[in-house]
>>> print(open('query25.csv').read())   # CSV, C-alpha atoms
chain,number,residue,atom,x,y,z
A,1,MET,CA,30.0,-1.9,62.8
A,2,ALA,CA,27.0,0.3,63.7
A,3,HIS,CA,25.3,2.3,60.9
A,4,ALA,CA,23.7,5.6,61.6
A,5,THR,CA,19.9,5.6,61.2
A,6,SER,CA,17.6,8.5,60.3
A,7,GLU,CA,16.7,8.8,64.0
A,8,ASP,CA,20.4,9.2,64.9
A,9,THR,CA,21.0,11.9,62.4
A,10,GLY,CA,17.7,13.7,62.9
A,11,ALA,CA,16.9,13.4,59.1
A,12,PRO,CA,13.3,12.6,58.1
A,13,PRO,CA,12.8,8.9,57.4
A,14,PRO,CA,12.7,7.9,53.7
A,15,ALA,CA,9.3,7.4,52.2
A,16,VAL,CA,8.4,3.7,52.5
A,17,SER,CA,5.9,3.7,49.6
A,18,CYS,CA,4.8,6.0,46.8
A,19,PRO,CA,2.0,4.3,45.0
A,20,LEU,CA,1.1,7.2,42.9
A,21,ILE,CA,4.5,7.6,41.2
A,22,CYS,CA,6.4,4.4,41.9
A,23,GLY,CA,3.4,2.2,40.9
A,24,PRO,CA,3.2,3.4,37.3
A,25,ILE,CA,7.0,3.5,37.0
A,26,ALA,CA,7.2,-0.1,38.2
A,27,LEU,CA,4.4,-1.0,35.8
A,28,VAL,CA,6.2,0.6,32.8
A,29,ARG,CA,9.5,-1.1,33.8
A,30,TRP,CA,7.8,-4.4,33.9
A,31,PHE,CA,5.8,-3.8,30.7
A,32,LEU,CA,8.5,-2.4,28.4
A,33,PRO,CA,10.8,-5.5,28.1
A,34,ARG,CA,7.9,-7.9,27.9
A,35,PHE,CA,5.8,-6.0,25.4
A,36,PRO,CA,8.1,-3.6,23.5
A,37,HIS,CA,5.9,-3.3,20.5
A,38,ALA,CA,2.8,-2.5,22.5
A,39,ALA,CA,4.8,0.1,24.5
A,40,ARG,CA,6.0,1.7,21.3
A,41,ALA,CA,2.5,1.6,19.9
A,42,ALA,CA,1.4,3.4,23.1
A,43,LEU,CA,4.1,6.1,22.4
A,44,LEU,CA,2.9,6.5,18.9
A,45,LEU,CA,-0.7,6.9,20.1
A,46,LEU,CA,0.5,9.4,22.7
A,47,SER,CA,2.3,11.5,20.0
A,48,ALA,CA,-1.0,11.5,18.0
A,49,LEU,CA,-2.8,12.7,21.2
A,50,LEU,CA,-0.3,15.6,21.5
A,51,ILE,CA,-0.4,16.6,17.8
A,52,ALA,CA,-4.3,16.5,17.5
A,53,PRO,CA,-5.0,19.5,19.8
A,54,ILE,CA,-2.2,21.6,18.3
A,55,PHE,CA,-3.4,21.0,14.8
A,56,ASN,CA,-7.0,21.5,15.8
A,57,ALA,CA,-6.1,24.9,17.3
A,58,ALA,CA,-4.5,25.9,14.0
A,59,ASN,CA,-7.0,24.4,11.6
A,60,PRO,CA,-9.5,26.9,10.2
A,61,LEU,CA,-12.1,24.0,10.3
A,62,GLY,CA,-11.1,23.1,13.9
A,63,MET,CA,-14.0,22.5,16.3
A,64,GLY,CA,-14.7,22.3,20.0
A,65,TRP,CA,-13.8,19.0,21.7
A,66,ILE,CA,-17.2,18.3,23.2
A,67,LEU,CA,-20.3,20.0,21.7
A,68,THR,CA,-21.5,23.4,20.8
A,69,ALA,CA,-23.6,25.3,23.3
A,70,ASP,CA,-26.7,24.1,21.6
A,71,GLY,CA,-25.6,20.5,21.6
A,72,ARG,CA,-24.5,20.0,18.0
A,73,VAL,CA,-21.6,18.0,16.8
A,74,GLY,CA,-19.3,18.6,13.8
A,75,ILE,CA,-19.6,22.4,13.8
A,76,PRO,CA,-16.3,24.2,13.1
A,77,ARG,CA,-15.7,27.1,15.5
A,78,VAL,CA,-15.7,29.6,12.6
A,79,TYR,CA,-19.2,28.4,11.5
A,80,GLU,CA,-20.9,28.3,14.9
A,81,SER,CA,-22.5,31.7,14.5
A,82,ARG,CA,-23.2,31.2,10.8
A,83,LEU,CA,-25.4,28.1,11.2
A,84,PRO,CA,-28.3,29.6,13.1
A,85,GLN,CA,-31.0,27.4,14.4
A,86,ILE,CA,-34.7,28.2,14.9
A,87,THR,CA,-37.4,26.6,16.9
A,88,VAL,CA,-40.6,25.0,15.5
A,89,GLU,CA,-42.6,28.1,16.7
A,90,GLN,CA,-40.2,30.4,14.8
A,91,ALA,CA,-40.5,28.2,11.7
A,92,VAL,CA,-44.3,28.2,11.9
A,93,ALA,CA,-44.2,32.1,11.9
A,94,LEU,CA,-42.0,32.0,8.8
A,95,PHE,CA,-44.2,29.4,7.2
A,96,ASP,CA,-47.3,31.5,7.8
A,97,SER,CA,-45.7,34.7,6.5
A,98,GLY,CA,-44.6,32.9,3.3
A,99,ASP,CA,-41.3,34.6,3.4
A,100,ALA,CA,-39.2,31.5,3.6
A,101,LEU,CA,-38.6,28.5,1.3
A,102,PHE,CA,-38.5,25.2,3.2
A,103,VAL,CA,-35.8,22.8,2.1
A,104,ASP,CA,-36.2,19.1,3.0
A,105,SER,CA,-32.8,17.5,3.5
A,106,ARG,CA,-34.2,14.0,4.0
A,107,ASP,CA,-33.9,11.1,1.6
A,108,GLU,CA,-36.0,11.3,-1.6
A,109,ARG,CA,-38.2,8.4,-0.6
A,110,ASP,CA,-39.2,10.0,2.7
A,111,TYR,CA,-39.9,13.3,1.0
A,112,HIS,CA,-42.2,11.5,-1.4
A,113,LYS,CA,-44.3,10.2,1.5
A,114,ASP,CA,-45.0,13.6,3.1
A,115,TYR,CA,-43.3,16.9,3.6
A,116,ILE,CA,-43.9,20.5,4.9
A,117,PRO,CA,-46.2,22.1,2.3
A,118,GLY,CA,-44.2,24.1,-0.3
A,119,ALA,CA,-40.9,22.5,0.7
A,120,ILE,CA,-38.5,21.4,-2.0
A,121,ASN,CA,-36.3,18.3,-1.6
A,122,LEU,CA,-32.6,18.6,-1.6
A,123,PRO,CA,-31.5,15.2,-0.3
A,124,GLN,CA,-28.2,15.6,1.5
A,125,ARG,CA,-27.1,12.0,1.2
A,126,THR,CA,-27.1,12.3,-2.6
A,127,TRP,CA,-25.9,15.9,-2.7
A,128,VAL,CA,-23.3,15.3,-5.3
A,129,GLU,CA,-25.8,13.9,-7.8
A,130,VAL,CA,-28.7,16.3,-7.1
A,131,TRP,CA,-26.9,19.6,-6.5
A,132,PRO,CA,-26.0,20.5,-10.2
A,133,ALA,CA,-29.7,20.3,-11.1
A,134,MET,CA,-31.0,21.9,-7.9
A,135,GLN,CA,-28.6,24.8,-7.9
A,136,SER,CA,-30.7,26.9,-10.2
A,137,GLN,CA,-33.9,26.3,-8.2
A,138,LEU,CA,-32.5,27.5,-4.9
A,139,PRO,CA,-32.9,31.3,-4.6
A,140,ARG,CA,-30.2,33.3,-3.0
A,141,ASP,CA,-32.5,36.2,-2.1
A,142,ARG,CA,-35.0,34.2,0.0
A,143,THR,CA,-34.6,32.8,3.5
A,144,LEU,CA,-34.2,29.0,3.4
A,145,VAL,CA,-35.3,26.9,6.3
A,146,LEU,CA,-33.5,23.5,6.3
A,147,TYR,CA,-34.9,20.5,8.0
A,148,CYS,CA,-34.2,16.8,8.3
A,149,TYR,CA,-35.6,14.0,10.4
A,150,GLY,CA,-35.1,15.2,13.9
A,151,GLY,CA,-33.0,17.1,16.4
A,152,HIS,CA,-29.8,15.2,15.9
A,153,CYS,CA,-30.1,13.8,12.4
A,154,GLY,CA,-27.3,16.2,11.3
A,155,LEU,CA,-28.3,16.2,7.6
A,156,SER,CA,-29.6,19.8,7.6
A,157,THR,CA,-26.6,21.1,9.4
A,158,ARG,CA,-24.3,19.3,7.0
A,159,GLN,CA,-26.3,20.8,4.1
A,160,ALA,CA,-26.0,24.2,5.7
A,161,LYS,CA,-22.2,23.8,5.6
A,162,ARG,CA,-22.4,22.9,2.0
A,163,LEU,CA,-24.5,25.9,1.2
A,164,LEU,CA,-22.1,28.2,3.0
A,165,ALA,CA,-19.4,26.8,0.8
A,166,GLU,CA,-21.6,27.5,-2.3
A,167,GLY,CA,-22.0,31.1,-1.2
A,168,TYR,CA,-25.5,30.9,0.4
A,169,HIS,CA,-25.8,32.8,3.7
A,170,ASN,CA,-29.5,33.4,4.2
A,171,PHE,CA,-30.6,30.1,5.8
A,172,LEU,CA,-31.9,28.8,9.1
A,173,ILE,CA,-31.9,25.3,10.5
A,174,LEU,CA,-35.1,23.9,12.1
A,175,ASP,CA,-33.7,22.6,15.4
A,176,ARG,CA,-36.1,19.6,15.9
A,177,GLY,CA,-36.6,19.0,12.2
A,178,TRP,CA,-39.5,17.0,10.7
A,179,GLU,CA,-40.1,15.3,14.1
A,180,GLY,CA,-40.6,18.6,15.9
A,181,TRP,CA,-42.8,20.0,13.1
A,182,THR,CA,-45.2,17.0,13.0
A,183,GLU,CA,-45.3,16.5,16.8
A,184,ALA,CA,-46.5,20.1,17.1
A,185,GLY,CA,-49.4,19.2,14.8
A,186,ASN,CA,-48.3,21.5,12.0
A,187,PRO,CA,-49.5,21.0,8.4
A,188,THR,CA,-47.9,18.5,6.2
A,189,HIS,CA,-48.4,17.6,2.5
A,190,ARG,CA,-48.9,14.0,1.8
A,191,HIS,CA,-48.3,12.8,-1.7
A,192,PRO,CA,-51.3,11.2,-3.5
A,193,GLU,CA,-50.9,7.5,-3.4
A,194,GLY,CA,-49.9,7.3,-7.1
A,195,LYS,CA,-46.9,9.5,-6.6
A,196,GLU,CA,-45.6,7.8,-3.5
A,197,ARG,CA,-42.4,5.9,-4.1
B,1,MET,CA,-1.1,-27.9,-1.4
B,2,GLN,CA,0.9,-27.7,1.9
B,3,ARG,CA,4.1,-26.9,-0.1
B,4,ALA,CA,2.3,-24.2,-2.0
B,5,LEU,CA,1.0,-22.6,1.3
B,6,HIS,CA,4.5,-22.9,2.7
B,7,SER,CA,6.0,-21.1,-0.3
B,8,ILE,CA,3.4,-18.3,0.0
B,9,TRP,CA,4.2,-18.0,3.7
B,10,ARG,CA,7.9,-17.8,3.0
B,11,PHE,CA,7.3,-15.3,0.2
B,12,LEU,CA,5.2,-13.1,2.6
B,13,ASN,CA,7.8,-13.3,5.2
B,14,HIS,CA,10.6,-12.1,2.9
B,15,ARG,CA,12.2,-8.9,4.1
B,16,ILE,CA,11.6,-7.0,0.9
B,17,VAL,CA,8.0,-8.2,0.6
B,18,LEU,CA,7.3,-7.0,4.2
B,19,ARG,CA,8.9,-3.7,3.4
B,20,ILE,CA,6.7,-3.2,0.3
B,21,VAL,CA,3.5,-4.3,2.2
B,22,GLY,CA,4.5,-1.8,4.9
B,23,LEU,CA,5.0,1.0,2.5
B,24,GLY,CA,1.7,0.4,0.7
B,25,LEU,CA,-0.3,-0.1,3.9
B,26,GLY,CA,1.3,3.0,5.6
B,27,GLY,CA,0.8,5.1,2.5
B,28,LEU,CA,-2.8,4.0,2.3
B,29,PHE,CA,-3.5,5.0,5.9
B,30,VAL,CA,-1.7,8.4,5.6
B,31,TYR,CA,-3.8,9.1,2.5
B,32,ALA,CA,-7.0,7.9,4.3
B,33,SER,CA,-6.3,10.2,7.2
B,34,TYR,CA,-5.6,13.4,5.3
B,35,ASP,CA,-9.2,14.3,4.5
B,36,LYS,CA,-10.3,13.5,8.0
B,37,VAL,CA,-7.5,15.5,9.6
B,38,THR,CA,-8.2,18.6,7.5
B,39,GLN,CA,-12.0,18.4,7.6
B,40,PRO,CA,-12.8,17.0,11.1
B,41,ASP,CA,-16.3,18.6,11.1
B,42,ARG,CA,-17.3,16.4,8.1
B,43,PHE,CA,-15.7,13.3,9.6
B,44,ALA,CA,-17.6,14.1,12.9
B,45,ASP,CA,-20.9,14.1,10.8
B,46,ILE,CA,-20.0,10.7,9.5
B,47,VAL,CA,-19.1,9.3,12.9
B,48,ASN,CA,-22.4,10.6,14.1
B,49,ASP,CA,-24.2,8.7,11.4
B,50,TYR,CA,-22.7,5.4,12.6
B,51,GLN,CA,-24.7,5.9,15.8
B,52,MET,CA,-22.1,4.1,17.9
B,53,LEU,CA,-20.8,6.8,20.2
B,54,PRO,CA,-22.6,9.1,22.6
B,55,LEU,CA,-22.9,12.6,21.1
B,56,VAL,CA,-20.6,14.1,23.7
B,57,PHE,CA,-17.6,12.0,22.5
B,58,ILE,CA,-18.0,12.4,18.7
B,59,ASN,CA,-16.1,15.6,18.2
B,60,ALA,CA,-13.2,14.4,20.3
B,61,PHE,CA,-13.1,11.1,18.5
B,62,ALA,CA,-13.2,12.8,15.1
B,63,LEU,CA,-10.3,15.1,16.1
B,64,VAL,CA,-8.1,12.3,17.5
B,65,MET,CA,-8.7,9.1,15.5
B,66,PRO,CA,-7.4,10.3,12.1
B,67,TRP,CA,-4.1,11.2,13.8
B,68,PHE,CA,-3.8,7.6,15.0
B,69,GLU,CA,-4.0,6.6,11.4
B,70,MET,CA,-1.7,9.3,10.2
B,71,VAL,CA,1.0,8.7,12.8
B,72,ALA,CA,0.9,4.9,12.5
B,73,GLY,CA,0.8,5.1,8.7
B,74,ALA,CA,3.8,7.6,8.6
B,75,ALA,CA,5.8,5.3,11.0
B,76,LEU,CA,5.3,2.4,8.6
B,77,VAL,CA,6.3,4.5,5.5
B,78,LEU,CA,9.4,5.7,7.3
B,79,GLY,CA,10.2,2.2,8.5
B,80,LEU,CA,10.1,3.4,12.2
B,81,TRP,CA,8.7,1.0,14.8
B,82,ARG,CA,7.0,-1.0,12.1
B,83,ARG,CA,5.6,-3.7,14.3
B,84,ALA,CA,4.1,-1.2,16.7
B,85,ALA,CA,2.6,0.7,13.8
B,86,GLY,CA,1.2,-2.6,12.4
B,87,LEU,CA,-0.4,-3.3,15.8
B,88,ILE,CA,-2.1,0.1,15.8
B,89,LEU,CA,-3.4,-0.3,12.2
B,90,ALA,CA,-4.6,-3.8,13.0
B,91,ALA,CA,-6.6,-2.5,16.0
B,92,LEU,CA,-8.0,0.4,14.0
B,93,THR,CA,-9.0,-1.9,11.2
B,94,VAL,CA,-10.9,-4.2,13.6
B,95,ALA,CA,-12.7,-1.1,14.9
B,96,PHE,CA,-13.6,-0.1,11.4
B,97,MET,CA,-14.9,-3.6,10.6
B,98,VAL,CA,-17.1,-3.6,13.8
B,99,ALA,CA,-18.5,-0.1,12.8
B,100,ILE,CA,-19.3,-1.2,9.3
B,101,ALA,CA,-20.8,-4.5,10.4
B,102,GLN,CA,-23.1,-2.9,13.0
B,103,ALA,CA,-24.2,-0.3,10.4
B,104,GLU,CA,-25.0,-3.1,7.9
B,105,ILE,CA,-26.8,-5.2,10.5
B,106,ARG,CA,-28.9,-2.2,11.6
B,107,GLY,CA,-29.6,-1.2,8.0
B,108,LEU,CA,-28.0,2.2,8.2
B,109,GLU,CA,-27.5,3.8,4.8
B,110,ILE,CA,-24.4,5.9,5.5
B,111,GLU,CA,-21.2,7.1,4.0
B,112,CYS,CA,-18.2,5.0,4.8
B,113,GLY,CA,-15.9,7.9,5.7
B,114,CYS,CA,-13.0,5.6,4.8
B,115,PHE,CA,-11.0,7.8,2.4
B,116,ASP,CA,-13.2,10.7,1.5
B,117,VAL,CA,-15.3,12.7,3.9
B,118,SER,CA,-16.1,15.6,1.5
B,119,GLY,CA,-18.9,13.5,-0.1
B,120,MET,CA,-17.4,14.1,-3.6
B,121,SER,CA,-16.8,10.4,-4.1
B,122,ALA,CA,-18.6,9.0,-1.1
B,123,THR,CA,-18.7,5.3,-0.7
B,124,GLN,CA,-21.5,3.6,1.3
B,125,ALA,CA,-20.7,1.4,4.3
B,126,SER,CA,-21.3,-2.1,3.0
B,127,TRP,CA,-20.2,-5.7,3.3
B,128,ASP,CA,-17.8,-5.2,0.3
B,129,LEU,CA,-15.9,-2.7,2.5
B,130,PHE,CA,-15.9,-5.2,5.3
B,131,VAL,CA,-14.2,-7.7,3.1
B,132,ARG,CA,-11.7,-5.0,1.9
B,133,ASP,CA,-10.9,-4.2,5.5
B,134,LEU,CA,-10.3,-7.9,6.2
B,135,GLY,CA,-7.5,-7.7,3.6
B,136,LEU,CA,-6.1,-4.6,5.4
B,137,LEU,CA,-6.3,-6.4,8.7
B,138,LEU,CA,-4.3,-9.4,7.4
B,139,ALA,CA,-1.7,-7.0,6.0
B,140,SER,CA,-1.5,-5.1,9.3
B,141,ALA,CA,-1.3,-8.3,11.3
B,142,LEU,CA,1.5,-9.6,9.0
B,143,ILE,CA,3.5,-6.4,9.6
B,144,TRP,CA,2.8,-6.6,13.4
B,145,ARG,CA,3.8,-10.2,13.8
B,146,ARG,CA,6.6,-10.6,11.2
B,147,ALA,CA,8.2,-7.2,10.3
>>> encode(input="query25.csv", output="structure tokens")
Amino acid sequence: MAHATSEDTGAPPPAVSCPLICGPIALVRWFLPRFPHAARAALLLLSALLIAPIFNAANPLGMGWILTADGRVGIPRVYESRLPQITVEQAVALFDSGDALFVDSRDERDYHKDYIPGAINLPQRTWVEVWPAMQSQLPRDRTLVLYCYGGHCGLSTRQAKRLLAEGYHNFLILDRGWEGWTEAGNPTHRHPEGKER
Amino acid sequence: MQRALHSIWRFLNHRIVLRIVGLGLGGLFVYASYDKVTQPDRFADIVNDYQMLPLVFINAFALVMPWFEMVAGAALVLGLWRRAAGLILAALTVAFMVAIAQAEIRGLEIECGCFDVSGMSATQASWDLFVRDLGLLLASALIWRRA
């Protein structure tokens, strides 16, 4: 008995291969019965991947997925404009005018080697211990310039977020930190040997 | 000795014991993920401190990884796909152990970011935590292989 072919009927011939769709489907059909727990784990991970962006969009502390425009990580969208950065040149101008108080966010041992003259030390890594005592020394009516080790050390940005939560709004973050300040040949204060820790 | 080990193994494989371990482990990971999920910016800061990922991936990692913990932990607590959840938690724990070990070897003095990212009770990444994670890995592997 003769069967009608697609040529006989004039219908387009069926697709012989569909690697883009059939390939993954075949892979899933092979994978599922052999590794059911791994497949379920993949489904759980997929559900997390779906929930994360929805929650991030609704979270007041949600942030961009990549980086901010100036290349910083860990900055909530609502804080982006409230964590202003300044260049070394702008910091030097503030330093010369004497209008700003420099705040060193680095560890105490590094501050005790050398620091920007006049800077006070508010080590971010030990914030919880030092903040109660430091709170009274940090003026609210003066511009604070926060700096840490370098451009991507993050401690000064983290400290700025803390200060925002404590009700401080008048601060600036030195974008290249201590590294940028010293590379430009700006003045530093070195502790006398006896005080060095 | 062999009989004692055999008894312990039988005890660990008991249905009720596995359920209790699953509940404890799942609850622990849900608890651990809560701070990270609600304050992803602070978790991103801590991930940055570990110096393992390129800057460009840090935010995305900090936004997604805690949800892996949350979903797998919740599945374990609810008794849903427990072996799959155990597999995820075992893989996550291995990743945490690698992160802690490399931080210790490189001498990085950083917050662990394990349960608290607000810095209010910050724990330093250390070999003690590595050993604690080893216990979590064994519990996760037990759930994955035997639940």
>>> closest_atom_pairs(input="query25.csv", of="chain B", to="chain A", cutoff="9 Å", atoms="all atoms listed in the file", output="JSON lines")
{"residue": "B:Val37", "atom": "CA", "partner": "A:Ala52", "partner_atom": "CA", "distance": 8.6}
{"residue": "B:Thr38", "atom": "CA", "partner": "A:Asn59", "partner_atom": "CA", "distance": 7.2}
{"residue": "B:Gln39", "atom": "CA", "partner": "A:Leu61", "partner_atom": "CA", "distance": 6.2}
{"residue": "B:Pro40", "atom": "CA", "partner": "A:Gly62", "partner_atom": "CA", "distance": 6.9}
{"residue": "B:Asp41", "atom": "CA", "partner": "A:Gly74", "partner_atom": "CA", "distance": 4.0}
{"residue": "B:Arg42", "atom": "CA", "partner": "A:Gly74", "partner_atom": "CA", "distance": 6.4}
{"residue": "B:Phe43", "atom": "CA", "partner": "A:Gly74", "partner_atom": "CA", "distance": 7.7}
{"residue": "B:Ala44", "atom": "CA", "partner": "A:Gly74", "partner_atom": "CA", "distance": 4.9}
{"residue": "B:Asp45", "atom": "CA", "partner": "A:Gly74", "partner_atom": "CA", "distance": 5.6}
{"residue": "B:Asn48", "atom": "CA", "partner": "A:Val73", "partner_atom": "CA", "distance": 7.9}
{"residue": "B:Asp49", "atom": "CA", "partner": "A:Cys153", "partner_atom": "CA", "distance": 7.9}
{"residue": "B:Leu55", "atom": "CA", "partner": "A:Val73", "partner_atom": "CA", "distance": 7.0}
{"residue": "B:Val56", "atom": "CA", "partner": "A:Ile66", "partner_atom": "CA", "distance": 5.4}
{"residue": "B:Phe57", "atom": "CA", "partner": "A:Ile66", "partner_atom": "CA", "distance": 6.4}
{"residue": "B:Ile58", "atom": "CA", "partner": "A:Val73", "partner_atom": "CA", "distance": 6.9}
{"residue": "B:Asn59", "atom": "CA", "partner": "A:Trp65", "partner_atom": "CA", "distance": 5.4}
{"residue": "B:Ala60", "atom": "CA", "partner": "A:Trp65", "partner_atom": "CA", "distance": 4.8}
{"residue": "B:Phe61", "atom": "CA", "partner": "A:Trp65", "partner_atom": "CA", "distance": 8.6}
{"residue": "B:Ala62", "atom": "CA", "partner": "A:Gly74", "partner_atom": "CA", "distance": 8.5}
{"residue": "B:Leu63", "atom": "CA", "partner": "A:Ala52", "partner_atom": "CA", "distance": 6.3}
{"residue": "B:Val64", "atom": "CA", "partner": "A:Ala52", "partner_atom": "CA", "distance": 5.7}
{"residue": "B:Met65", "atom": "CA", "partner": "A:Ala48", "partner_atom": "CA", "distance": 8.4}
{"residue": "B:Pro66", "atom": "CA", "partner": "A:Ala52", "partner_atom": "CA", "distance": 8.8}
{"residue": "B:Trp67", "atom": "CA", "partner": "A:Ala48", "partner_atom": "CA", "distance": 5.2}
{"residue": "B:Phe68", "atom": "CA", "partner": "A:Ala48", "partner_atom": "CA", "distance": 5.7}
{"residue": "B:Glu69", "atom": "CA", "partner": "A:Ala48", "partner_atom": "CA", "distance": 8.8}
{"residue": "B:Met70", "atom": "CA", "partner": "A:Ala48", "partner_atom": "CA", "distance": 8.1}
{"residue": "B:Val71", "atom": "CA", "partner": "A:Ala48", "partner_atom": "CA", "distance": 6.2}
{"residue": "B:Ala72", "atom": "CA", "partner": "A:Leu44", "partner_atom": "CA", "distance": 6.9}
{"residue": "B:Ala75", "atom": "CA", "partner": "A:Leu44", "partner_atom": "CA", "distance": 8.5}
{"residue": "B:Trp81", "atom": "CA", "partner": "A:Arg40", "partner_atom": "CA", "distance": 7.1}
{"residue": "B:Arg82", "atom": "CA", "partner": "A:His37", "partner_atom": "CA", "distance": 8.8}
{"residue": "B:Arg83", "atom": "CA", "partner": "A:His37", "partner_atom": "CA", "distance": 6.2}
{"residue": "B:Ala84", "atom": "CA", "partner": "A:Ala41", "partner_atom": "CA", "distance": 4.5}
{"residue": "B:Ala85", "atom": "CA", "partner": "A:Ala41", "partner_atom": "CA", "distance": 6.2}
{"residue": "B:Gly86", "atom": "CA", "partner": "A:Ala41", "partner_atom": "CA", "distance": 8.7}
{"residue": "B:Leu87", "atom": "CA", "partner": "A:Ala41", "partner_atom": "CA", "distance": 7.0}
{"residue": "B:Ile88", "atom": "CA", "partner": "A:Ala41", "partner_atom": "CA", "distance": 6.3}
{"residue": "B:Glu109", "atom": "CA", "partner": "A:Arg125", "partner_atom": "CA", "distance": 9.0}
{"residue": "B:Ile110", "atom": "CA", "partner": "A:Arg125", "partner_atom": "CA", "distance": 7.9}
{"residue": "B:Glu111", "atom": "CA", "partner": "A:Arg125", "partner_atom": "CA", "distance": 8.2}
{"residue": "B:Gly119", "atom": "CA", "partner": "A:Val128", "partner_atom": "CA", "distance": 7.0}
{"residue": "B:Met120", "atom": "CA", "partner": "A:Val128", "partner_atom": "CA", "distance": 6.3}
{"residue": "B:Ser121", "atom": "CA", "partner": "A:Val128", "partner_atom": "CA", "distance": 8.2}
{"residue": "B:Ala122", "atom": "CA", "partner": "A:Val128", "partner_atom": "CA", "distance": 8.9}
{"residue": "B:Trp144", "atom": "CA", "partner": "A:His37", "partner_atom": "CA", "distance": 8.4}
>>> atom_distance(input="query25.csv", atom1="atom CA of B:Gln51", atom2="atom CA of B:Asp116")
19.0 Å
>>> closest_residue(input="query25.csv", among="B:Val98, B:Gly107, B:Leu92, B:Leu76", to="B:Val131", atoms="all atoms listed in the file")
B:Val98
>>> atom_distance(input="query25.csv", atom1="atom CA of B:Ala95", atom2="atom CA of A:Cys148")
28.7 Å
>>> residues_near_point(input="query25.csv", point="(-22.8, 1.9, 8.2)", cutoff="6 Å", atoms="only C-alpha atoms", output="CSV table (one decimal) with C-alpha atoms, in the coordinates of the input")
chain,number,residue,atom,x,y,z
B,50,TYR,CA,-22.7,5.4,12.6
B,100,ILE,CA,-19.3,-1.2,9.3
B,103,ALA,CA,-24.2,-0.3,10.4
B,104,GLU,CA,-25.0,-3.1,7.9
B,108,LEU,CA,-28.0,2.2,8.2
B,110,ILE,CA,-24.4,5.9,5.5
B,125,ALA,CA,-20.7,1.4,4.3
>>> atom_distance(input="query25.csv", atom1="atom CA of A:Ile86", atom2="atom CA of A:Asp107")
21.7 Å
>>> residues_around(input="query25.csv", residues="stretch 170-180 of chain A", least_positions_apart="6", cutoff="6 Å", atoms="all atoms listed in the file", output="list of chain:residue names")
A:Pro84, A:Gln85, A:Ile86, A:Thr87, A:Thr143, A:Leu144, A:Val145, A:Leu146, A:Tyr147, A:Cys148, A:Tyr149, A:Gly150, A:Gly151
>>> closest_residue(input="query25.csv", among="B:Val30, B:Val21, B:Leu138, B:Ile46", to="B:Gln124", atoms="all atoms listed in the file")
B:Ile46
>>> residues_near_point(input="query25.csv", point="(2.1, -14.1, 11.3)", cutoff="12 Å", atoms="only C-alpha atoms", output="list in words")
Trp9, Arg10, Leu12, Asn13, Leu18, Arg83, Gly86, Leu87, Leu137, Leu138, Ala139, Ser140, Ala141, Leu142, Ile143, Trp144, Arg145, Arg146 and Ala147 of chain B
>>> write_last_selection(input="query25.csv", atoms="C-alpha atoms", output="mmCIF file, in the frame of the given file")
data_model
loop_
_atom_site.group_PDB
_atom_site.id
_atom_site.type_symbol
_atom_site.label_atom_id
_atom_site.label_comp_id
_atom_site.auth_asym_id
_atom_site.auth_seq_id
_atom_site.Cartn_x
_atom_site.Cartn_y
_atom_site.Cartn_z
ATOM 1 C CA TRP B 9 4.200 -18.000 3.700
ATOM 2 C CA ARG B 10 7.900 -17.800 3.000
ATOM 3 C CA LEU B 12 5.200 -13.100 2.600
ATOM 4 C CA ASN B 13 7.800 -13.300 5.200
ATOM 5 C CA LEU B 18 7.300 -7.000 4.200
ATOM 6 C CA ARG B 83 5.600 -3.700 14.300
ATOM 7 C CA GLY B 86 1.200 -2.600 12.400
ATOM 8 C CA LEU B 87 -0.400 -3.300 15.800
ATOM 9 C CA LEU B 137 -6.300 -6.400 8.700
ATOM 10 C CA LEU B 138 -4.300 -9.400 7.400
ATOM 11 C CA ALA B 139 -1.700 -7.000 6.000
ATOM 12 C CA SER B 140 -1.500 -5.100 9.300
ATOM 13 C CA ALA B 141 -1.300 -8.300 11.300
ATOM 14 C CA LEU B 142 1.500 -9.600 9.000
ATOM 15 C CA ILE B 143 3.500 -6.400 9.600
ATOM 16 C CA TRP B 144 2.800 -6.600 13.400
ATOM 17 C CA ARG B 145 3.800 -10.200 13.800
ATOM 18 C CA ARG B 146 6.600 -10.600 11.200
ATOM 19 C CA ALA B 147 8.200 -7.200 10.300
#
